file target09.txt (compact mmCIF, C-alpha atoms)
# COMPACT_ATOMS: atom_id res chain seq x y z
CA MET A 25 0.00 0.00 0.00
CA ASP A 26 1.40 3.36 -0.91
CA TRP A 27 1.38 6.39 1.38
CA GLU A 28 -1.52 8.09 -0.36
CA ALA A 29 -3.67 4.97 -0.11
CA GLN A 30 -2.94 4.72 3.63
CA LEU A 31 -4.00 8.32 4.21
CA LYS A 32 -7.13 7.79 2.11
CA LEU A 33 -8.00 4.83 4.27
CA GLN A 34 -7.72 7.00 7.34
CA ALA A 35 -9.80 9.76 5.73
CA TYR A 36 -12.41 7.11 4.96
CA LEU A 37 -12.50 6.08 8.63
CA ASP A 38 -12.85 9.73 9.69
CA GLY A 39 -15.61 10.45 7.18
CA GLU A 40 -13.44 12.98 5.34
CA LEU A 41 -13.35 11.24 1.97
CA PRO A 42 -15.47 12.60 -0.91
CA GLU A 43 -18.35 10.38 -1.94
CA ALA A 44 -16.84 9.13 -5.23
CA GLU A 45 -13.55 8.14 -3.58
CA ARG A 46 -15.37 6.57 -0.69
CA ARG A 47 -17.22 4.23 -3.08
CA ARG A 48 -14.03 3.27 -4.89
CA LEU A 49 -12.31 2.52 -1.58
CA GLU A 50 -15.21 0.43 -0.33
CA ALA A 51 -14.91 -1.70 -3.45
CA THR A 52 -11.23 -2.26 -2.69
CA LEU A 53 -11.95 -3.04 0.95
CA ALA A 54 -14.50 -5.66 -0.07
CA GLN A 55 -11.66 -7.66 -1.55
CA GLY A 56 -9.93 -7.88 1.84
CA GLY A 57 -6.16 -7.74 2.01
CA GLN A 58 -3.77 -5.33 3.67
CA SER A 59 -6.05 -2.31 3.48
CA SER A 60 -8.77 -4.13 5.44
CA LEU A 61 -6.29 -5.08 8.16
CA LEU A 62 -4.98 -1.54 8.43
CA LEU A 63 -8.49 -0.15 8.58
CA ALA A 64 -9.31 -2.58 11.41
CA GLU A 65 -6.23 -1.44 13.35
CA LEU A 66 -7.08 2.23 12.93
CA ARG A 67 -10.64 1.54 14.03
CA GLN A 68 -9.50 -0.37 17.14
CA THR A 69 -7.28 2.53 18.20
CA ARG A 70 -10.11 4.97 17.76
CA GLU A 71 -12.44 2.78 19.80
CA ALA A 72 -9.84 2.37 22.55
CA LEU A 73 -9.64 6.14 22.92
CA ALA A 74 -13.38 6.63 23.08
CA GLY A 75 -14.46 7.84 26.49
CA PHE A 76 -10.88 8.08 27.75
CA GLU A 77 -11.18 11.72 28.84
CA LYS A 78 -14.48 11.19 30.62
CA GLU A 79 -12.69 9.27 33.33
CA ILE A 80 -10.17 12.01 34.06
CA GLN A 81 -11.10 14.10 37.07
CA MET A 82 -9.71 17.32 38.46
CA PRO A 83 -7.63 16.29 41.50
CA GLU A 84 -8.51 19.46 43.46
CA SER A 85 -11.80 19.90 45.27
CA ARG A 86 -14.42 22.15 43.72
CA GLU A 87 -14.18 24.67 46.59
CA PHE A 88 -10.40 24.90 46.54
CA PHE A 89 -10.22 25.18 42.77
CA TRP A 90 -12.90 27.87 42.70
CA SER A 91 -11.21 29.82 45.50
CA LYS A 92 -8.05 30.05 43.38
CA ILE A 93 -9.99 31.18 40.32
CA GLU A 94 -11.98 33.75 42.30
CA ARG A 95 -8.84 35.14 43.93
CA GLU A 96 -7.13 35.48 40.54
CA ILE A 97 -10.18 37.16 38.99
CA ARG A 98 -10.37 39.68 41.84
CA ARG A 99 -6.63 40.29 41.72
CA GLN A 100 -6.76 41.04 38.00
CA GLU A 101 -9.86 43.19 38.36
CA SER A 102 -8.46 45.38 41.14
CA PRO A 103 -7.26 48.69 39.66
CA ALA A 104 -3.56 48.91 39.08
CA ARG A 105 -1.76 51.05 41.63
CA VAL A 106 -0.63 54.25 39.93
CA PRO A 107 1.33 56.99 41.72
CA ALA A 108 -0.89 59.82 43.01
CA PRO A 109 -0.65 62.98 40.91
CA VAL A 110 1.74 65.57 42.38
CA SER A 111 0.04 68.89 43.20
CA TRP A 112 1.44 72.27 42.18
CA ALA A 113 2.04 73.16 45.84
CA ALA A 114 4.09 70.00 46.32
CA ARG A 115 6.11 70.70 43.17
CA LEU A 116 6.75 74.29 44.37
CA ARG A 117 7.85 72.97 47.77
CA ARG A 118 10.28 70.61 46.08
CA LEU A 119 11.89 73.56 44.30
CA LEU A 120 11.80 75.99 47.22
CA VAL A 121 13.41 73.73 49.81
CA PRO A 122 16.80 73.37 48.07
CA ALA A 123 16.68 76.98 46.84
CA SER A 124 16.10 78.36 50.32
CA THR A 125 18.87 76.12 51.71
CA VAL A 126 21.32 77.52 49.18
CA ALA A 127 20.15 81.05 50.00
CA LEU A 128 20.64 80.51 53.75
CA LEU A 129 24.12 79.08 53.21
CA ALA A 130 25.01 82.08 51.04
CA ILE A 131 23.79 84.54 53.71
CA ALA A 132 25.65 82.66 56.43
CA GLY A 133 28.84 82.76 54.36
CA PHE A 134 28.36 86.42 53.62
CA LEU A 135 27.89 87.30 57.30
CA THR A 136 31.21 85.67 58.21
CA ILE A 137 32.99 88.25 56.14
CA ARG A 138 33.24 91.73 57.57
CA ASN A 139 32.50 94.71 55.44
CA ASP A 140 35.32 96.80 57.01
CA GLY A 141 38.11 94.68 55.47
CA SER A 142 39.09 92.79 58.65
CA SER A 143 38.60 89.08 58.56
CA LEU A 144 37.14 86.53 60.88
CA LEU A 145 39.75 84.13 59.63
CA PRO A 146 43.00 83.93 61.68
CA GLY A 147 46.37 85.34 60.56
CA GLY A 148 45.10 88.65 59.14
CA THR A 149 43.55 87.08 56.11
CA GLU A 150 40.29 87.89 54.36
CA MET A 151 38.03 86.01 51.95
CA GLU A 152 35.51 87.82 49.78
CA THR A 153 32.87 86.74 47.39
CA ALA A 154 31.11 89.04 44.99
CA LEU A 155 27.40 88.37 44.95
CA THR A 156 27.11 89.64 41.40
CA ASP A 157 29.56 87.00 40.30
CA THR A 158 29.40 84.02 42.61
CA GLY A 159 31.94 82.16 40.49
CA ALA A 160 34.82 84.43 41.75
CA PHE A 161 36.47 84.28 45.18
CA THR A 162 39.22 86.49 46.56
CA TYR A 163 41.76 85.53 49.22
CA ARG A 164 43.88 88.33 50.64
CA ASP A 165 46.80 87.85 53.07
CA TYR A 166 47.82 91.27 54.42
CA SER A 167 50.87 89.99 56.25
CA ALA A 168 52.27 88.43 53.07
CA GLY A 169 50.84 91.14 50.87
CA THR A 170 49.22 88.54 48.63
CA THR A 171 45.82 88.49 46.98
CA LEU A 172 44.46 85.42 45.23
CA VAL A 173 41.39 85.51 43.02
CA TRP A 174 39.71 82.18 42.06
CA LEU A 175 37.67 82.12 38.95
CA SER A 176 35.64 78.95 38.62
CA TYR A 177 35.03 79.61 34.90
CA PRO A 178 36.52 81.94 32.30
CA ALA A 179 35.13 85.44 32.66
CA GLU A 180 33.07 86.85 29.82
CA ASN A 181 34.89 88.81 27.06
CA GLU A 182 38.23 87.48 28.22
CA PRO A 183 40.49 85.03 26.48
CA ASP A 184 39.81 81.48 27.57
CA ASP A 185 42.93 80.13 29.27
CA ASP A 186 43.56 77.31 31.63
CA GLU A 187 44.40 79.55 34.59
CA ASP A 188 41.86 79.18 37.29
CA ALA A 189 43.66 81.41 39.77
CA VAL A 190 45.35 84.72 39.23
CA THR A 191 47.95 85.92 41.72
CA LEU A 192 48.25 89.68 42.29
CA GLN A 193 51.18 91.06 44.25
CA MET B 30 -30.42 34.27 41.25
CA THR B 31 -30.17 32.30 44.51
CA GLU B 32 -27.79 29.42 45.24
CA ASN B 33 -30.62 26.93 44.80
CA ASN B 34 -31.52 28.51 41.49
CA HIS B 35 -27.93 28.25 40.33
CA SER B 36 -27.78 24.51 40.77
CA SER B 37 -31.06 23.99 38.96
CA ALA B 38 -30.48 26.51 36.17
CA ASP B 39 -29.25 25.39 32.75
CA ASP B 40 -25.96 26.57 31.27
CA PRO B 41 -27.40 29.38 29.08
CA ALA B 42 -29.23 30.86 32.09
CA LEU B 43 -26.07 30.69 34.19
CA VAL B 44 -24.04 32.26 31.39
CA ARG B 45 -26.53 35.14 31.12
CA ALA B 46 -26.37 35.69 34.88
CA ALA B 47 -22.58 35.52 34.86
CA GLN B 48 -22.47 38.01 31.99
CA GLN B 49 -24.31 40.41 34.30
CA GLY B 50 -21.57 39.96 36.91
CA ASP B 51 -23.10 37.12 38.95
CA MET B 52 -20.00 35.33 40.19
CA GLU B 53 -21.94 32.57 41.89
CA ALA B 54 -23.47 31.66 38.55
CA PHE B 55 -19.97 31.46 37.12
CA GLU B 56 -18.87 29.32 40.07
CA GLU B 57 -21.65 26.88 39.20
CA LEU B 58 -20.43 26.74 35.59
CA VAL B 59 -16.89 26.05 36.82
CA GLY B 60 -18.22 23.26 39.01
CA ARG B 61 -20.05 21.66 36.10
CA HIS B 62 -17.29 21.81 33.50
CA ARG B 63 -14.06 21.80 35.48
CA ASP B 64 -13.37 18.07 34.97
CA LYS B 65 -13.80 18.32 31.21
CA ILE B 66 -11.56 21.37 30.95
CA PHE B 67 -8.92 19.79 33.17
CA ALA B 68 -9.11 16.50 31.21
CA ARG B 69 -8.48 18.32 27.94
CA ALA B 70 -5.50 20.18 29.39
CA TYR B 71 -4.16 16.96 30.89
CA SER B 72 -4.54 15.03 27.62
CA MET B 73 -2.52 17.66 25.83
CA MET B 74 0.12 18.42 28.45
CA ARG B 75 0.52 15.06 30.25
CA ASN B 76 1.38 16.89 33.43
CA GLU B 77 -1.09 17.25 36.28
CA GLU B 78 0.28 20.48 37.77
CA GLU B 79 0.50 22.13 34.39
CA ALA B 80 -3.00 20.97 33.51
CA ILE B 81 -4.39 22.45 36.76
CA ASP B 82 -2.64 25.79 36.15
CA LEU B 83 -3.75 25.98 32.53
CA SER B 84 -7.34 25.07 33.30
CA GLN B 85 -7.39 27.69 36.07
CA GLU B 86 -6.03 30.27 33.61
CA ALA B 87 -8.70 29.20 31.12
CA TRP B 88 -11.46 29.85 33.68
CA VAL B 89 -10.08 33.29 34.51
CA LYS B 90 -9.95 34.12 30.80
CA GLY B 91 -13.45 32.68 30.40
CA TRP B 92 -14.77 35.12 33.00
CA GLN B 93 -12.97 38.05 31.41
CA ARG B 94 -14.25 37.22 27.91
CA LEU B 95 -17.71 36.12 28.94
CA ARG B 96 -19.36 39.12 27.27
CA GLN B 97 -17.89 37.95 23.94
CA PHE B 98 -19.65 34.59 24.26
CA GLN B 99 -22.66 34.75 21.96
CA GLY B 100 -23.82 31.16 22.34
CA GLU B 101 -22.90 29.92 18.82
CA ALA B 102 -21.47 26.81 20.47
CA SER B 103 -22.21 25.40 23.92
CA PHE B 104 -20.51 27.03 26.88
CA GLY B 105 -18.51 23.82 27.49
CA THR B 106 -17.23 23.82 23.91
CA TRP B 107 -16.35 27.51 24.13
CA MET B 108 -14.39 26.94 27.34
CA THR B 109 -12.67 23.89 25.84
CA ARG B 110 -11.43 25.99 22.94
CA ILE B 111 -9.98 28.50 25.39
CA VAL B 112 -8.03 25.82 27.26
CA ILE B 113 -6.86 24.22 23.99
CA ASN B 114 -5.46 27.55 22.82
CA LEU B 115 -3.69 28.06 26.15
CA CYS B 116 -2.20 24.56 25.92
CA LEU B 117 -1.04 25.19 22.35
CA ASP B 118 0.62 28.44 23.45
CA GLN B 119 2.33 26.60 26.28
CA ILE B 120 3.48 23.80 23.94
CA ARG B 121 4.91 26.37 21.51
CA ARG B 122 6.79 28.04 24.37
CA GLN B 123 8.17 24.70 25.54
CA LYS B 124 9.06 23.68 22.00
CA ARG B 125 11.38 26.64 21.70
CA HIS B 126 13.39 25.24 24.60
CA ARG B 127 13.74 21.65 23.47
CA THR B 128 15.23 19.81 20.56
CA GLU B 129 13.22 17.89 18.03
CA SER B 130 11.92 14.58 19.27
CA ILE B 131 12.73 11.32 17.54
CA GLU B 132 9.16 11.14 16.32
CA GLU B 133 9.47 14.49 14.58
CA LEU B 134 12.69 13.42 12.93
CA ASP B 135 11.03 10.19 11.79
CA GLU B 136 8.16 12.17 10.37
CA ALA B 137 10.49 14.51 8.55
CA SER B 138 12.55 11.67 7.12
CA GLY B 139 9.61 9.78 5.66
CA GLY B 140 7.83 8.31 8.66
CA VAL B 141 8.34 4.91 10.24
CA GLU B 142 4.57 4.50 10.44
CA ARG B 143 4.55 3.51 6.77
CA GLN B 144 6.61 0.43 7.54
CA MET B 145 5.00 -0.54 10.83
CA PRO B 146 3.38 -4.00 10.76
CA VAL B 147 -0.35 -3.94 11.23
CA VAL B 148 -1.51 -4.86 14.74
CA ILE B 149 -3.91 -7.69 14.00
CA VAL B 150 -4.95 -8.77 17.49
CA ASN B 151 -6.83 -6.07 19.36
CA PRO B 152 -4.45 -5.19 22.23
CA THR B 153 -7.26 -3.72 24.29
CA SER B 154 -9.66 -6.65 24.17
CA GLY B 155 -10.51 -8.23 27.50
CA LEU B 156 -9.09 -5.36 29.52
CA GLU B 157 -10.87 -3.74 32.43
CA ARG B 158 -11.73 -0.10 31.78
CA ALA B 159 -9.31 1.11 34.47
CA GLU B 160 -6.48 -0.94 33.04
CA LEU B 161 -7.22 0.19 29.52
CA ARG B 162 -7.22 3.79 30.68
CA GLN B 163 -3.85 3.28 32.35
CA ARG B 164 -2.36 1.78 29.20
CA ILE B 165 -3.68 4.50 26.95
CA ASP B 166 -2.39 7.04 29.44
CA ARG B 167 1.11 5.57 29.22
CA ALA B 168 0.99 5.24 25.44
CA LEU B 169 -0.22 8.84 24.97
CA GLY B 170 2.64 9.98 27.17
CA GLN B 171 5.10 8.45 24.72
CA LEU B 172 3.84 10.44 21.75
CA SER B 173 5.37 13.78 20.84
CA TYR B 174 3.37 16.94 21.57
CA GLU B 175 2.54 17.39 17.90
CA HIS B 176 1.20 13.90 17.38
CA ARG B 177 -0.66 13.82 20.67
CA THR B 178 -2.24 17.22 20.04
CA VAL B 179 -3.57 16.18 16.63
CA LEU B 180 -4.93 12.98 18.13
CA VAL B 181 -6.57 14.81 21.05
CA LEU B 182 -8.13 17.45 18.82
CA HIS B 183 -9.47 14.82 16.44
CA GLU B 184 -10.54 12.08 18.82
CA PHE B 185 -11.65 14.07 21.87
CA GLU B 186 -12.55 17.47 20.46
CA GLU B 187 -13.93 15.88 17.29
CA MET B 188 -12.40 18.52 15.07
CA GLU B 189 -12.22 18.01 11.32
CA TYR B 190 -8.85 17.97 9.54
CA LYS B 191 -9.15 21.54 8.26
CA GLU B 192 -10.13 22.83 11.71
CA ILE B 193 -7.12 21.13 13.30
CA ALA B 194 -4.90 22.58 10.58
CA ARG B 195 -6.22 26.07 11.31
CA THR B 196 -5.87 25.65 15.07
CA MET B 197 -2.33 24.28 14.87
CA GLY B 198 -1.19 26.52 12.03
CA CYS B 199 -0.18 23.70 9.66
CA SER B 200 -1.41 22.12 6.42
CA ILE B 201 -4.19 19.54 6.16
CA GLY B 202 -1.59 17.12 4.76
CA THR B 203 0.50 17.53 7.92
CA VAL B 204 -2.57 16.93 10.07
CA MET B 205 -3.39 13.73 8.18
CA SER B 206 0.19 12.53 8.37
CA ARG B 207 0.50 13.27 12.09
CA LEU B 208 -2.83 11.70 12.90
CA PHE B 209 -1.92 8.57 10.97
CA TYR B 210 1.42 8.32 12.72
CA ALA B 211 -0.14 8.94 16.15
CA ARG B 212 -2.74 6.21 15.64
CA ARG B 213 -0.26 3.67 14.34
CA LYS B 214 2.24 4.43 17.06
CA LEU B 215 -0.47 4.19 19.69
CA ALA B 216 -1.58 0.81 18.34
CA ALA B 217 2.02 -0.43 18.43
CA LEU B 218 2.54 0.90 21.97
CA LEU B 219 -0.65 -0.73 23.22
CA ALA B 220 0.42 -4.02 21.59
CA ASP B 221 3.85 -3.74 23.27
CA LEU B 222 2.21 -3.14 26.63
CA LYS B 223 0.08 -6.23 26.09
CA LYS B 224 3.18 -8.32 25.26
CA GLN B 225 4.93 -7.08 28.42
CA ASP B 226 2.07 -8.50 30.46

call {"tool": "encode", "arguments": {"input": "target09.txt", "output": "structure tokens"}}
result
Amino acid sequence: MDWEAQLKLQAYLDGELPEAERRRLEATLAQGGQSSLLLAELRQTREALAGFEKEIQMPESREFFWSKIEREIRRQESPARVPAPVSWAARLRRLLVPASTVALLAIAGFLTIRNDGSSLLPGGTEMETALTDTGAFTYRDYSAGTTLVWLSYPAENEPDDDEDAVTLQ
Amino acid sequence: MTENNHSSADDPALVRAAQQGDMEAFEELVGRHRDKIFARAYSMMRNEEEAIDLSQEAWVKGWQRLRQFQGEASFGTWMTRIVINLCLDQIRRQKRHRTESIEELDEASGGVERQMPVVIVNPTSGLERAELRQRIDRALGQLSYEHRTVLVLHEFEEMEYKEIARTMGCSIGTVMSRLFYARRKLAALLADLKKQD
């Protein structure tokens, strides 16, 4: 029996063969032989499987199984937790807190420096910061007659060089 | 609908109540069809834990999609299709992580089923139902996923060739070939089990 004939035999068993082919095959089957034996085997297998699933039972009790399903349904139906929207007042507070801290530190630093030129620092030294240009600091040592000016970035309209500190005698 | 009404109501009435959000009606439907849904998952997966998880997932999906159920088929059939699709998804995921089985290689290289001798004596005759079930269980477990799935969809779900082909995403020729192999292999396995006794 060739492969096609075997598959046709199966299709015949499953009722999937067109009418004309079914009649031709029945004529062949009437003569007996290998095709009849194969058909009998296929039929036996099909009959053995009949009703097989009906005897399979869920091993978990109805109550326990349902409790798991119900819990999962409720879990999936509960709204997803999204972060609460941030109010404008809260956003403003977030900005003001660090800003006011910086401002307080700047005032505290400013108050440590006397306006009359004397310094709170020991050894007759003085440190100044210009509020208009917070990137520049000046250190003046009267005893040594030295003044140091720190520039944290190149000043505007000046050539850009790598010197961060300029020493004035 | 009261609890007493639930147990006496038919499936369509329970479905309508469940579609309105009546969870107790749905619980009754689960109670009625849970064995069938589990059996289908177990036939396809051959693993009890996996079958329980997949049938549970099918019921959760069933609840979520209940409004889509229009009653073209019975509720049991509709639920069975959900669990079959979940099993097929799971099989596809597992297939990505394993190599081809010997059966698949046989199929690809021409198929040993063409040369198998015909089992003349019925290997299941004279067996008690429980023993027969046990033997079929063992034999089904020795088939590859592909062959078992085709067999389950055809024999238990009573799908036609073209429907199986659509569900599994393969040709009708492949379905016929796999089904033929699965049946012949099963017959040979059952005969072997009989000889061992």

call {"tool": "closest_residue", "arguments": {"input": "target09.txt", "among": "A:Thr52, A:Gln34, A:Thr162, A:Ser167", "to": "A:Arg70", "atoms": "only C-alpha atoms"}}
result
A:Gln34

call {"tool": "residues_around", "arguments": {"input": "target09.txt", "residues": "stretch 193-203 of chain B", "least_positions_apart": "4", "cutoff": "9 Å", "atoms": "all atoms listed in the file", "output": "JSON, numbers by chain"}}
result
{"B": [114, 117, 175, 178, 179, 182, 183, 188, 189, 207, 208]}

call {"tool": "closest_atom_pairs", "arguments": {"input": "target09.txt", "of": "chain B", "to": "chain A", "cutoff": "9 Å", "atoms": "all atoms listed in the file", "output": "JSON lines"}}
result
{"residue": "B:Met52", "atom": "CA", "partner": "A:Glu94", "partner_atom": "CA", "distance": 8.4}
{"residue": "B:Glu56", "atom": "CA", "partner": "A:Trp90", "partner_atom": "CA", "distance": 6.7}
{"residue": "B:Val59", "atom": "CA", "partner": "A:Trp90", "partner_atom": "CA", "distance": 7.3}
{"residue": "B:Gly60", "atom": "CA", "partner": "A:Arg86", "partner_atom": "CA", "distance": 6.2}
{"residue": "B:Arg63", "atom": "CA", "partner": "A:Met82", "partner_atom": "CA", "distance": 6.9}
{"residue": "B:Asp64", "atom": "CA", "partner": "A:Gln81", "partner_atom": "CA", "distance": 5.0}
{"residue": "B:Lys65", "atom": "CA", "partner": "A:Lys78", "partner_atom": "CA", "distance": 7.2}
{"residue": "B:Ile66", "atom": "CA", "partner": "A:Met82", "partner_atom": "CA", "distance": 8.7}
{"residue": "B:Phe67", "atom": "CA", "partner": "A:Met82", "partner_atom": "CA", "distance": 5.9}
{"residue": "B:Ala68", "atom": "CA", "partner": "A:Ile80", "partner_atom": "CA", "distance": 5.4}
{"residue": "B:Arg69", "atom": "CA", "partner": "A:Glu77", "partner_atom": "CA", "distance": 7.2}
{"residue": "B:Tyr71", "atom": "CA", "partner": "A:Ile80", "partner_atom": "CA", "distance": 8.4}
{"residue": "B:Ser72", "atom": "CA", "partner": "A:Glu77", "partner_atom": "CA", "distance": 7.5}
{"residue": "B:Glu77", "atom": "CA", "partner": "A:Pro83", "partner_atom": "CA", "distance": 8.4}
{"residue": "B:Ile81", "atom": "CA", "partner": "A:Met82", "partner_atom": "CA", "distance": 7.6}
{"residue": "B:Gln85", "atom": "CA", "partner": "A:Ile93", "partner_atom": "CA", "distance": 6.1}
{"residue": "B:Glu86", "atom": "CA", "partner": "A:Ile93", "partner_atom": "CA", "distance": 7.8}
{"residue": "B:Trp88", "atom": "CA", "partner": "A:Ile93", "partner_atom": "CA", "distance": 6.9}
{"residue": "B:Val89", "atom": "CA", "partner": "A:Ile97", "partner_atom": "CA", "distance": 5.9}
{"residue": "B:Lys90", "atom": "CA", "partner": "A:Ile97", "partner_atom": "CA", "distance": 8.7}
{"residue": "B:Trp92", "atom": "CA", "partner": "A:Ile97", "partner_atom": "CA", "distance": 7.8}
{"residue": "B:Gln93", "atom": "CA", "partner": "A:Ile97", "partner_atom": "CA", "distance": 8.1}
{"residue": "B:Arg143", "atom": "CA", "partner": "A:Trp27", "partner_atom": "CA", "distance": 6.9}
{"residue": "B:Val147", "atom": "CA", "partner": "A:Leu62", "partner_atom": "CA", "distance": 5.9}
{"residue": "B:Val148", "atom": "CA", "partner": "A:Glu65", "partner_atom": "CA", "distance": 6.0}
{"residue": "B:Ile149", "atom": "CA", "partner": "A:Glu65", "partner_atom": "CA", "distance": 6.7}
{"residue": "B:Val150", "atom": "CA", "partner": "A:Glu65", "partner_atom": "CA", "distance": 8.5}
{"residue": "B:Asn151", "atom": "CA", "partner": "A:Gln68", "partner_atom": "CA", "distance": 6.7}
{"residue": "B:Pro152", "atom": "CA", "partner": "A:Gln68", "partner_atom": "CA", "distance": 8.6}
{"residue": "B:Thr153", "atom": "CA", "partner": "A:Ala72", "partner_atom": "CA", "distance": 6.8}
{"residue": "B:Ala159", "atom": "CA", "partner": "A:Glu79", "partner_atom": "CA", "distance": 8.9}
{"residue": "B:Leu161", "atom": "CA", "partner": "A:Ala72", "partner_atom": "CA", "distance": 7.8}
{"residue": "B:Arg162", "atom": "CA", "partner": "A:Phe76", "partner_atom": "CA", "distance": 6.4}
{"residue": "B:Ile165", "atom": "CA", "partner": "A:Leu73", "partner_atom": "CA", "distance": 7.4}
{"residue": "B:Asp166", "atom": "CA", "partner": "A:Phe76", "partner_atom": "CA", "distance": 8.7}
{"residue": "B:Glu184", "atom": "CA", "partner": "A:Arg70", "partner_atom": "CA", "distance": 7.2}
{"residue": "B:Phe185", "atom": "CA", "partner": "A:Glu77", "partner_atom": "CA", "distance": 7.4}
{"residue": "B:Glu189", "atom": "CA", "partner": "A:Glu40", "partner_atom": "CA", "distance": 7.9}
{"residue": "B:Tyr190", "atom": "CA", "partner": "A:Glu40", "partner_atom": "CA", "distance": 8.0}
{"residue": "B:Met205", "atom": "CA", "partner": "A:Leu31", "partner_atom": "CA", "distance": 6.7}
{"residue": "B:Ser206", "atom": "CA", "partner": "A:Leu31", "partner_atom": "CA", "distance": 7.3}
{"residue": "B:Leu208", "atom": "CA", "partner": "A:Gln34", "partner_atom": "CA", "distance": 8.8}
{"residue": "B:Phe209", "atom": "CA", "partner": "A:Gln34", "partner_atom": "CA", "distance": 7.0}
{"residue": "B:Arg212", "atom": "CA", "partner": "A:Thr69", "partner_atom": "CA", "distance": 6.4}
{"residue": "B:Arg213", "atom": "CA", "partner": "A:Leu66", "partner_atom": "CA", "distance": 7.1}
{"residue": "B:Leu215", "atom": "CA", "partner": "A:Thr69", "partner_atom": "CA", "distance": 7.2}
{"residue": "B:Ala216", "atom": "CA", "partner": "A:Thr69", "partner_atom": "CA", "distance": 6.0}
{"residue": "B:Leu219", "atom": "CA", "partner": "A:Thr69", "partner_atom": "CA", "distance": 8.9}

call {"tool": "atom_distance", "arguments": {"input": "target09.txt", "atom1": "atom CA of B:Leu115", "atom2": "atom CA of B:Arg177"}}
result
15.6 Å

call {"tool": "closest_residue", "arguments": {"input": "target09.txt", "among": "B:Arg94, B:His126, B:Arg75, B:Arg158", "to": "B:Gln171", "atoms": "only C-alpha atoms"}}
result
B:Arg75

call {"tool": "atom_distance", "arguments": {"input": "target09.txt", "atom1": "atom CA of B:Asp82", "atom2": "atom CA of B:Ala70"}}
result
9.2 Å

call {"tool": "axis_aligned_box", "arguments": {"input": "target09.txt", "around": "stretch 59-77 of chain B", "padding_each_side": "6 Å", "output": "AutoDock Vina command-line options"}}
result
--center_x -9.3 --center_y 20.5 --center_z 32.4 --size_x 33.4 --size_y 23.0 --size_z 25.2

call {"tool": "closest_residue", "arguments": {"input": "target09.txt", "among": "B:Leu218, B:Arg61, B:Leu95, B:Ser84", "to": "B:Arg45", "atoms": "only C-alpha atoms"}}
result
B:Leu95

call {"tool": "atom_distance", "arguments": {"input": "target09.txt", "atom1": "atom CA of B:Phe104", "atom2": "atom CA of B:Asn76"}}
result
25.0 Å

call {"tool": "closest_residue", "arguments": {"input": "target09.txt", "among": "B:Lys191, B:Thr109, B:Arg125, B:Lys214", "to": "B:Met145", "atoms": "all atoms listed in the file"}}
result
B:Lys214

call {"tool": "decode", "arguments": {"input": "target09.txt", "residues": "stretch 210-221 of chain B", "atoms": "C-alpha atoms", "output": "mmCIF file, in the first residue's frame"}}
result
data_model
loop_
_atom_site.group_PDB
_atom_site.id
_atom_site.type_symbol
_atom_site.label_atom_id
_atom_site.label_comp_id
_atom_site.auth_asym_id
_atom_site.auth_seq_id
_atom_site.Cartn_x
_atom_site.Cartn_y
_atom_site.Cartn_z
ATOM 1 C CA TYR B 210 1.421 8.320 12.722
ATOM 2 C CA ALA B 211 -0.141 8.938 16.153
ATOM 3 C CA ARG B 212 -2.739 6.212 15.638
ATOM 4 C CA ARG B 213 -0.264 3.666 14.344
ATOM 5 C CA LYS B 214 2.236 4.435 17.057
ATOM 6 C CA LEU B 215 -0.471 4.189 19.693
ATOM 7 C CA ALA B 216 -1.579 0.805 18.336
ATOM 8 C CA ALA B 217 2.018 -0.427 18.431
ATOM 9 C CA LEU B 218 2.545 0.900 21.972
ATOM 10 C CA LEU B 219 -0.646 -0.730 23.221
ATOM 11 C CA ALA B 220 0.420 -4.016 21.587
ATOM 12 C CA ASP B 221 3.852 -3.735 23.270
#
